[in-house]
$ cat start-v3.pdb   # PDB, C-alpha atoms
MODEL        1
ATOM      1  CA  MET A  22     -12.222  31.940  -3.301
ATOM      2  CA  THR A  23      -9.920  29.026  -2.484
ATOM      3  CA  GLY A  24      -7.739  27.404  -5.123
ATOM      4  CA  PRO A  25      -8.061  23.877  -6.499
ATOM      5  CA  ILE A  26      -7.179  20.744  -4.567
ATOM      6  CA  THR A  27      -3.613  19.972  -5.645
ATOM      7  CA  VAL A  28      -2.855  16.298  -6.211
ATOM      8  CA  LEU A  29       0.271  14.166  -6.526
ATOM      9  CA  LEU A  30      -0.377  10.989  -8.517
ATOM     10  CA  ALA A  31       1.810   7.859  -8.117
ATOM     11  CA  GLU A  32       1.104   4.962 -10.490
ATOM     12  CA  ASP A  33       3.695   2.773 -12.211
ATOM     13  CA  GLN A  34       1.641   2.013 -15.331
ATOM     14  CA  ALA A  35       2.136   5.009 -17.619
ATOM     15  CA  MET A  36      -1.155   4.563 -19.468
ATOM     16  CA  MET A  37      -3.157   4.316 -16.236
ATOM     17  CA  ARG A  38      -1.299   7.267 -14.748
ATOM     18  CA  GLY A  39      -1.960   9.389 -17.820
ATOM     19  CA  ALA A  40      -5.640   8.452 -17.905
ATOM     20  CA  LEU A  41      -6.138   9.244 -14.221
ATOM     21  CA  SER A  42      -4.327  12.548 -14.581
ATOM     22  CA  LEU A  43      -6.434  13.510 -17.579
ATOM     23  CA  LEU A  44      -9.728  12.537 -15.969
ATOM     24  CA  LEU A  45      -8.975  14.198 -12.643
ATOM     25  CA  GLY A  46      -7.824  17.288 -14.529
ATOM     26  CA  LEU A  47     -11.301  17.617 -16.006
ATOM     27  CA  GLU A  48     -12.657  18.324 -12.511
ATOM     28  CA  ASP A  49     -12.969  22.078 -11.901
ATOM     29  CA  ASP A  50     -11.672  21.901  -8.342
ATOM     30  CA  ILE A  51      -8.790  19.391  -8.764
ATOM     31  CA  GLU A  52      -5.346  20.013 -10.254
ATOM     32  CA  VAL A  53      -2.725  17.271 -10.703
ATOM     33  CA  VAL A  54       0.563  19.021  -9.922
ATOM     34  CA  ALA A  55       2.917  16.019  -9.990
ATOM     35  CA  GLU A  56       3.001  12.522 -11.497
ATOM     36  CA  VAL A  57       5.522   9.815 -10.587
ATOM     37  CA  GLY A  58       5.946   6.199 -11.637
ATOM     38  CA  THR A  59       8.078   4.875  -8.780
ATOM     39  CA  GLY A  60       7.659   4.902  -5.021
ATOM     40  CA  ASP A  61      11.035   6.438  -4.285
ATOM     41  CA  ARG A  62      10.049   9.586  -6.200
ATOM     42  CA  ILE A  63       6.917  10.260  -4.117
ATOM     43  CA  LEU A  64       8.528  12.067  -1.195
ATOM     44  CA  PRO A  65      10.855  14.281  -3.305
ATOM     45  CA  ALA A  66       7.908  15.258  -5.524
ATOM     46  CA  ALA A  67       5.736  16.009  -2.495
ATOM     47  CA  LEU A  68       8.454  18.112  -0.890
ATOM     48  CA  ARG A  69       8.826  20.069  -4.125
ATOM     49  CA  HIS A  70       5.159  20.584  -5.057
ATOM     50  CA  ARG A  71       3.503  20.434  -1.593
ATOM     51  CA  PRO A  72       0.245  18.822  -2.813
ATOM     52  CA  THR A  73      -2.737  18.755  -0.495
ATOM     53  CA  VAL A  74      -3.626  15.164  -1.497
ATOM     54  CA  ALA A  75      -1.445  12.273  -2.717
ATOM     55  CA  VAL A  76      -3.093   9.436  -4.666
ATOM     56  CA  LEU A  77      -0.818   6.400  -4.366
ATOM     57  CA  ASP A  78      -0.819   2.877  -5.713
ATOM     58  CA  ILE A  79       0.553   0.233  -3.319
ATOM     59  CA  GLU A  80       2.563  -1.936  -5.698
ATOM     60  CA  LEU A  81       5.225   0.482  -6.917
ATOM     61  CA  PRO A  82       8.856  -0.122  -7.887
ATOM     62  CA  GLY A  83      11.451   1.485  -5.655
ATOM     63  CA  ARG A  84       9.247   1.857  -2.568
ATOM     64  CA  ASN A  85       5.710   0.668  -2.000
ATOM     65  CA  GLY A  86       2.849   3.087  -1.505
ATOM     66  CA  LEU A  87       2.307   2.233   2.160
ATOM     67  CA  ASP A  88       5.924   2.977   3.065
ATOM     68  CA  ALA A  89       5.726   6.183   1.031
ATOM     69  CA  ALA A  90       2.536   7.120   2.896
ATOM     70  CA  ALA A  91       4.438   6.782   6.171
ATOM     71  CA  ASP A  92       7.160   9.052   4.759
ATOM     72  CA  LEU A  93       4.563  11.672   3.833
ATOM     73  CA  ALA A  94       2.910  11.525   7.256
ATOM     74  CA  GLU A  95       6.258  12.298   8.854
ATOM     75  CA  GLN A  96       7.726  14.840   6.447
ATOM     76  CA  VAL A  97       4.741  16.372   4.610
ATOM     77  CA  PRO A  98       1.971  16.154   7.223
ATOM     78  CA  GLY A  99      -0.255  18.592   5.336
ATOM     79  CA  CYS A 100      -0.569  16.096   2.484
ATOM     80  CA  LYS A 101      -3.432  13.637   2.941
ATOM     81  CA  VAL A 102      -3.028  10.213   1.352
ATOM     82  CA  VAL A 103      -5.512   8.266  -0.771
ATOM     83  CA  ILE A 104      -4.525   4.672  -1.602
ATOM     84  CA  VAL A 105      -5.920   3.312  -4.877
ATOM     85  CA  THR A 106      -4.955  -0.283  -5.537
ATOM     86  CA  THR A 107      -5.752  -3.383  -7.543
ATOM     87  CA  PHE A 108      -5.071  -5.463  -4.451
ATOM     88  CA  GLY A 109      -8.021  -5.088  -2.099
ATOM     89  CA  ARG A 110      -6.399  -7.054   0.717
ATOM     90  CA  PRO A 111      -7.618  -6.598   4.297
ATOM     91  CA  GLY A 112      -4.074  -6.572   5.670
ATOM     92  CA  TYR A 113      -3.174  -3.678   3.397
ATOM     93  CA  LEU A 114      -6.106  -1.695   4.745
ATOM     94  CA  ARG A 115      -4.939  -2.202   8.316
ATOM     95  CA  GLN A 116      -1.392  -1.162   7.413
ATOM     96  CA  ALA A 117      -2.734   1.888   5.604
ATOM     97  CA  MET A 118      -4.740   3.017   8.621
ATOM     98  CA  GLU A 119      -1.698   2.555  10.865
ATOM     99  CA  VAL A 120       0.335   5.028   8.783
ATOM    100  CA  GLY A 121      -2.424   7.622   8.597
ATOM    101  CA  VAL A 122      -3.891   6.983   5.136
ATOM    102  CA  ARG A 123      -7.198   8.854   4.805
ATOM    103  CA  ALA A 124      -8.809   6.844   1.996
ATOM    104  CA  PHE A 125      -8.478   3.323   0.617
ATOM    105  CA  LEU A 126     -10.151   2.457  -2.690
ATOM    106  CA  VAL A 127      -9.872  -0.332  -5.240
ATOM    107  CA  LYS A 128      -9.180   0.483  -8.878
ATOM    108  CA  ASP A 129     -12.347  -0.992 -10.339
ATOM    109  CA  ARG A 130     -14.353   1.988  -9.073
ATOM    110  CA  PRO A 131     -15.346   4.840 -11.444
ATOM    111  CA  VAL A 132     -13.024   7.844 -11.509
ATOM    112  CA  GLU A 133     -15.927   9.970 -10.221
ATOM    113  CA  GLU A 134     -15.680   8.046  -6.953
ATOM    114  CA  LEU A 135     -11.967   8.818  -6.755
ATOM    115  CA  ALA A 136     -12.644  12.515  -7.332
ATOM    116  CA  ALA A 137     -15.333  12.452  -4.650
ATOM    117  CA  ALA A 138     -12.956  10.676  -2.251
ATOM    118  CA  ILE A 139     -10.266  13.300  -2.891
ATOM    119  CA  ARG A 140     -12.747  16.052  -2.015
ATOM    120  CA  ARG A 141     -13.920  14.263   1.130
ATOM    121  CA  VAL A 142     -10.364  13.575   2.303
ATOM    122  CA  HIS A 143      -9.439  17.192   1.637
ATOM    123  CA  ALA A 144     -12.400  18.188   3.811
ATOM    124  CA  GLY A 145     -11.104  16.014   6.670
ATOM    125  CA  GLU A 146     -13.110  12.828   6.178
ATOM    126  CA  VAL A 147     -11.925   9.210   6.014
ATOM    127  CA  VAL A 148     -13.126   7.159   3.024
ATOM    128  CA  ILE A 149     -12.870   3.361   2.999
ATOM    129  CA  ASP A 150     -14.234   0.945   0.415
ATOM    130  CA  PRO A 151     -17.108  -0.678   2.383
ATOM    131  CA  GLU A 152     -16.537  -4.213   1.079
ATOM    132  CA  LEU A 153     -12.869  -4.050   1.996
ATOM    133  CA  ALA A 154     -13.678  -2.680   5.443
ATOM    134  CA  ALA A 155     -16.032  -5.610   6.063
ATOM    135  CA  ALA A 156     -13.385  -8.080   4.870
ATOM    136  CA  ALA A 157     -10.803  -6.538   7.197
ATOM    137  CA  LEU A 158     -13.122  -6.982  10.157
ATOM    138  CA  ARG A 159     -13.731 -10.623   9.230
ATOM    139  CA  THR A 160     -10.053 -11.394   8.743
ATOM    140  CA  GLY A 161      -8.778  -9.887  11.958
ATOM    141  CA  ALA A 162      -5.328  -8.544  12.744
ATOM    142  CA  ASN A 163      -2.100  -9.792  11.205
ATOM    143  CA  PRO A 164      -1.065 -12.848  13.272
ATOM    144  CA  LEU A 165       2.551 -12.820  12.075
ATOM    145  CA  THR A 166       5.349 -11.230  14.058
ATOM    146  CA  GLU A 167       7.748  -8.841  12.366
ATOM    147  CA  ARG A 168      10.464 -11.516  12.166
ATOM    148  CA  GLU A 169       8.031 -14.091  10.772
ATOM    149  CA  ARG A 170       7.062 -11.596   8.082
ATOM    150  CA  ASP A 171      10.729 -10.955   7.286
ATOM    151  CA  VAL A 172      11.447 -14.673   6.910
ATOM    152  CA  LEU A 173       8.349 -15.322   4.798
ATOM    153  CA  THR A 174       9.120 -12.355   2.575
ATOM    154  CA  ALA A 175      12.618 -13.711   2.032
ATOM    155  CA  ALA A 176      11.124 -17.141   1.219
ATOM    156  CA  THR A 177       8.786 -15.881  -1.506
ATOM    157  CA  ASP A 178      11.406 -16.118  -4.271
ATOM    158  CA  GLY A 179      12.369 -19.715  -3.488
ATOM    159  CA  ARG A 180      15.524 -19.053  -1.477
ATOM    160  CA  THR A 181      16.890 -21.840   0.684
ATOM    161  CA  VAL A 182      16.908 -21.747   4.492
ATOM    162  CA  ALA A 183      20.653 -21.112   4.356
ATOM    163  CA  ASP A 184      20.166 -18.175   1.975
ATOM    164  CA  ILE A 185      17.446 -16.678   4.197
ATOM    165  CA  ALA A 186      19.610 -17.137   7.289
ATOM    166  CA  GLY A 187      22.516 -15.352   5.602
ATOM    167  CA  THR A 188      20.338 -12.487   4.372
ATOM    168  CA  LEU A 189      18.671 -11.877   7.745
ATOM    169  CA  HIS A 190      21.754 -12.677   9.872
ATOM    170  CA  LEU A 191      19.968 -15.499  11.695
ATOM    171  CA  SER A 192      20.878 -19.112  12.360
ATOM    172  CA  GLU A 193      19.300 -21.745  10.126
ATOM    173  CA  SER A 194      17.501 -23.296  13.105
ATOM    174  CA  THR A 195      15.985 -19.894  13.975
ATOM    175  CA  VAL A 196      14.798 -19.454  10.395
ATOM    176  CA  ARG A 197      13.186 -22.910  10.484
ATOM    177  CA  ASN A 198      11.428 -22.009  13.743
ATOM    178  CA  TYR A 199      10.031 -18.791  12.267
ATOM    179  CA  LEU A 200       8.911 -20.614   9.138
ATOM    180  CA  SER A 201       7.203 -23.326  11.183
ATOM    181  CA  ALA A 202       5.375 -20.716  13.249
ATOM    182  CA  ALA A 203       4.264 -18.848  10.113
ATOM    183  CA  ILE A 204       3.049 -22.063   8.468
ATOM    184  CA  ALA A 205       1.021 -22.913  11.578
ATOM    185  CA  LYS A 206      -0.493 -19.431  11.828
ATOM    186  CA  THR A 207      -1.508 -19.377   8.161
ATOM    187  CA  GLY A 208      -2.911 -22.916   8.279
ATOM    188  CA  THR A 209      -0.804 -24.002   5.312
ATOM    189  CA  ARG A 210       1.416 -26.997   4.533
ATOM    190  CA  ASN A 211       4.738 -25.412   3.613
ATOM    191  CA  ARG A 212       6.557 -22.109   3.408
ATOM    192  CA  ILE A 213       5.554 -21.453  -0.210
ATOM    193  CA  GLU A 214       1.857 -21.820   0.661
ATOM    194  CA  ALA A 215       2.387 -19.753   3.825
ATOM    195  CA  ALA A 216       4.002 -16.921   1.887
ATOM    196  CA  HIS A 217       1.225 -17.014  -0.716
ATOM    197  CA  ALA A 218      -1.500 -16.954   1.951
ATOM    198  CA  ALA A 219       0.200 -14.102   3.779
ATOM    199  CA  GLN A 220       0.444 -12.099   0.552
ATOM    200  CA  GLU A 221      -3.207 -12.719  -0.263
ATOM    201  CA  HIS A 222      -4.216 -11.330   3.135
ATOM    202  CA  GLY A 223      -1.872  -8.363   2.797
ATOM    203  CA  TRP A 224       0.206  -9.470   5.784
ATOM    204  CA  LEU A 225       3.586  -9.085   4.080
TER     205      LEU A 225
ENDMDL
END
$ encode --input "start-v3.pdb" --output "structure tokens"
Amino acid sequence: MTGPITVLLAEDQAMMRGALSLLLGLEDDIEVVAEVGTGDRILPAALRHRPTVAVLDIELPGRNGLDAAADLAEQVPGCKVVIVTTFGRPGYLRQAMEVGVRAFLVKDRPVEELAAAIRRVHAGEVVIDPELAAAALRTGANPLTERERDVLTAATDGRTVADIAGTLHLSESTVRNYLSAAIAKTGTRNRIEAAHAAQEHGWL
């Protein structure tokens, strides 16, 4: 007889994390062996506990869930990743698939669906929320280059062109060119709208 599916749970909201841990723990074949509230604690916890499945939120302090998923793929390849997020953005789904995530679900689903997804992922399947998969196909690939994403990300908190240039070690004219390209690609009127649109699509 094989043992239970061991799970690492990463969620920054303590109440949500506790509820998920409790509910998953009620399943006969699932055992939560580690819980963390920040992204930078995911890899150390996985290296210590060696879970077979990691259930990660995307929006985590310290390090986001997608970057942590890439860390796990490289350093704990036996651990399969399930992303559970409030933000059902098509761009996030594409990023998740690129780093080897095996399941992508939104948080408004019943916990029974999460338990079922954990079992399916453990068995080698890929589980994607069907509505999100359809949205990703409609939206298409991320049109922004890496540098355009960097500049837009730096612009999200209202920094000036000079501040962005200093942070990214670019000239101000280069920053303006990247911003103009990003605004054109997102079909927006200014950098604030461009950054917002890119975030909504999960491109940043």
$ resolve_selection --input "start-v3.pdb" --expression "the PyMOL selection byres ((chain A and resi 118) around 12)" --output "list in words"
Leu87, Ala90, Ala91, Ala94, Val102, Val103, Ile104, Pro111, Gly112, Tyr113, Leu114, Arg115, Gln116, Ala117, Glu119, Val120, Gly121, Val122, Arg123, Ala124, Phe125, Val147, Val148, Ile149, Ala154 and Ala157 of chain A
$ write_last_selection --input "start-v3.pdb" --atoms "C-alpha atoms" --output "compact mmCIF listing (two decimals), keeping the file's coordinate frame"
# COMPACT_ATOMS: atom_id res chain seq x y z
CA LEU A 87 2.31 2.23 2.16
CA ALA A 90 2.54 7.12 2.90
CA ALA A 91 4.44 6.78 6.17
CA ALA A 94 2.91 11.52 7.26
CA VAL A 102 -3.03 10.21 1.35
CA VAL A 103 -5.51 8.27 -0.77
CA ILE A 104 -4.53 4.67 -1.60
CA PRO A 111 -7.62 -6.60 4.30
CA GLY A 112 -4.07 -6.57 5.67
CA TYR A 113 -3.17 -3.68 3.40
CA LEU A 114 -6.11 -1.70 4.74
CA ARG A 115 -4.94 -2.20 8.32
CA GLN A 116 -1.39 -1.16 7.41
CA ALA A 117 -2.73 1.89 5.60
CA GLU A 119 -1.70 2.56 10.86
CA VAL A 120 0.34 5.03 8.78
CA GLY A 121 -2.42 7.62 8.60
CA VAL A 122 -3.89 6.98 5.14
CA ARG A 123 -7.20 8.85 4.80
CA ALA A 124 -8.81 6.84 2.00
CA PHE A 125 -8.48 3.32 0.62
CA VAL A 147 -11.92 9.21 6.01
CA VAL A 148 -13.13 7.16 3.02
CA ILE A 149 -12.87 3.36 3.00
CA ALA A 154 -13.68 -2.68 5.44
CA ALA A 157 -10.80 -6.54 7.20
$ residues_around --input "start-v3.pdb" --residues "Ile51 in chain A" --least-positions-apart "2" --cutoff "7 Å" --atoms "only C-alpha atoms" --output "list in words"
Pro25, Ile26, Thr27, Leu45, Gly46, Glu48, Asp49 and Val53 of chain A
$ residues_around --input "start-v3.pdb" --residues "range 184-186 of chain A" --least-positions-apart "3" --cutoff "10 Å" --atoms "all atoms listed in the file" --output "list in words"
Asp171, Val172, Leu173, Thr174, Ala175, Ala176, Gly179, Arg180, Thr181, Leu189, His190, Leu191, Ser192, Glu193, Ser194, Thr195, Val196 and Arg197 of chain A
$ write_last_selection --input "start-v3.pdb" --atoms "C-alpha atoms" --output "PDB file, keeping the file's coordinate frame"
ATOM      1  CA  ASP A 171      10.729 -10.955   7.286  1.00  0.00           C
ATOM      2  CA  VAL A 172      11.447 -14.673   6.910  1.00  0.00           C
ATOM      3  CA  LEU A 173       8.349 -15.322   4.798  1.00  0.00           C
ATOM      4  CA  THR A 174       9.120 -12.355   2.575  1.00  0.00           C
ATOM      5  CA  ALA A 175      12.618 -13.711   2.032  1.00  0.00           C
ATOM      6  CA  ALA A 176      11.124 -17.141   1.219  1.00  0.00           C
ATOM      7  CA  GLY A 179      12.369 -19.715  -3.488  1.00  0.00           C
ATOM      8  CA  ARG A 180      15.524 -19.053  -1.477  1.00  0.00           C
ATOM      9  CA  THR A 181      16.890 -21.840   0.684  1.00  0.00           C
ATOM     10  CA  LEU A 189      18.671 -11.877   7.745  1.00  0.00           C
ATOM     11  CA  HIS A 190      21.754 -12.677   9.872  1.00  0.00           C
ATOM     12  CA  LEU A 191      19.968 -15.499  11.695  1.00  0.00           C
ATOM     13  CA  SER A 192      20.878 -19.112  12.360  1.00  0.00           C
ATOM     14  CA  GLU A 193      19.300 -21.745  10.126  1.00  0.00           C
ATOM     15  CA  SER A 194      17.501 -23.296  13.105  1.00  0.00           C
ATOM     16  CA  THR A 195      15.985 -19.894  13.975  1.00  0.00           C
ATOM     17  CA  VAL A 196      14.798 -19.454  10.395  1.00  0.00           C
ATOM     18  CA  ARG A 197      13.186 -22.910  10.484  1.00  0.00           C
TER      19      ARG A 197
END
$ closest_residue --input "start-v3.pdb" --among "A:Val76, A:Ala40, A:Ala89, A:Ala35" --to "Asp61 in chain A" --atoms "all atoms listed in the file"
A:Ala89
$ residues_around --input "start-v3.pdb" --residues "Leu126 in chain A" --least-positions-apart "4" --cutoff "10 Å" --atoms "only C-alpha atoms" --output "PyMOL selection string"
chain A and resi 78+103-109+114+130+134-135+138+148-153
$ resolve_selection --input "start-v3.pdb" --expression "the PyMOL selection byres ((chain A and resi 62) around 12)" --output "MDAnalysis selection string"
chainID A and resid 29:33 55:61 63:69 77 81:86 89 92:93
$ closest_residue --input "start-v3.pdb" --among "A:Cys100, A:Ala137, A:Ala218, A:Val132" --to "Asp50 in chain A" --atoms "all atoms listed in the file"
A:Ala137
$ closest_residue --input "start-v3.pdb" --among "A:Ala202, A:Val97, A:Val74, A:Leu225" --to "Ala144 in chain A" --atoms "all atoms listed in the file"
A:Val74
$ atom_distance --input "start-v3.pdb" --atom1 "CA of Glu221 in chain A" --atom2 "CA of Val127 in chain A"
14.9 Å
$ resolve_selection --input "start-v3.pdb" --expression "the PyMOL selection byres ((chain A and resi 211) around 12)" --output "ChimeraX atom specification"
/A:173,176-177,179,197,200-210,212-218
$ atom_distance --input "start-v3.pdb" --atom1 "CA of Gly145 in chain A" --atom2 "CA of Ser42 in chain A"
22.6 Å
$ atom_distance --input "start-v3.pdb" --atom1 "CA of Arg170 in chain A" --atom2 "CA of His222 in chain A"
12.3 Å
$ closest_residue --input "start-v3.pdb" --among "A:Val142, A:Met36, A:Leu43, A:Ala219" --to "Pro164 in chain A" --atoms "all atoms listed in the file"
A:Ala219
$ closest_residue --input "start-v3.pdb" --among "A:Ala136, A:Asp178, A:Glu169, A:Gly223" --to "Ile79 in chain A" --atoms "all atoms listed in the file"
A:Gly223
$ axis_aligned_box --input "start-v3.pdb" --around "range 142-146 of chain A" --padding-each-side "8 Å" --output "lines of an AutoDock Vina configuration file"
center_x = -11.3
center_y = 15.5
center_z = 4.2
size_x = 19.7
size_y = 21.4
size_z = 21.0
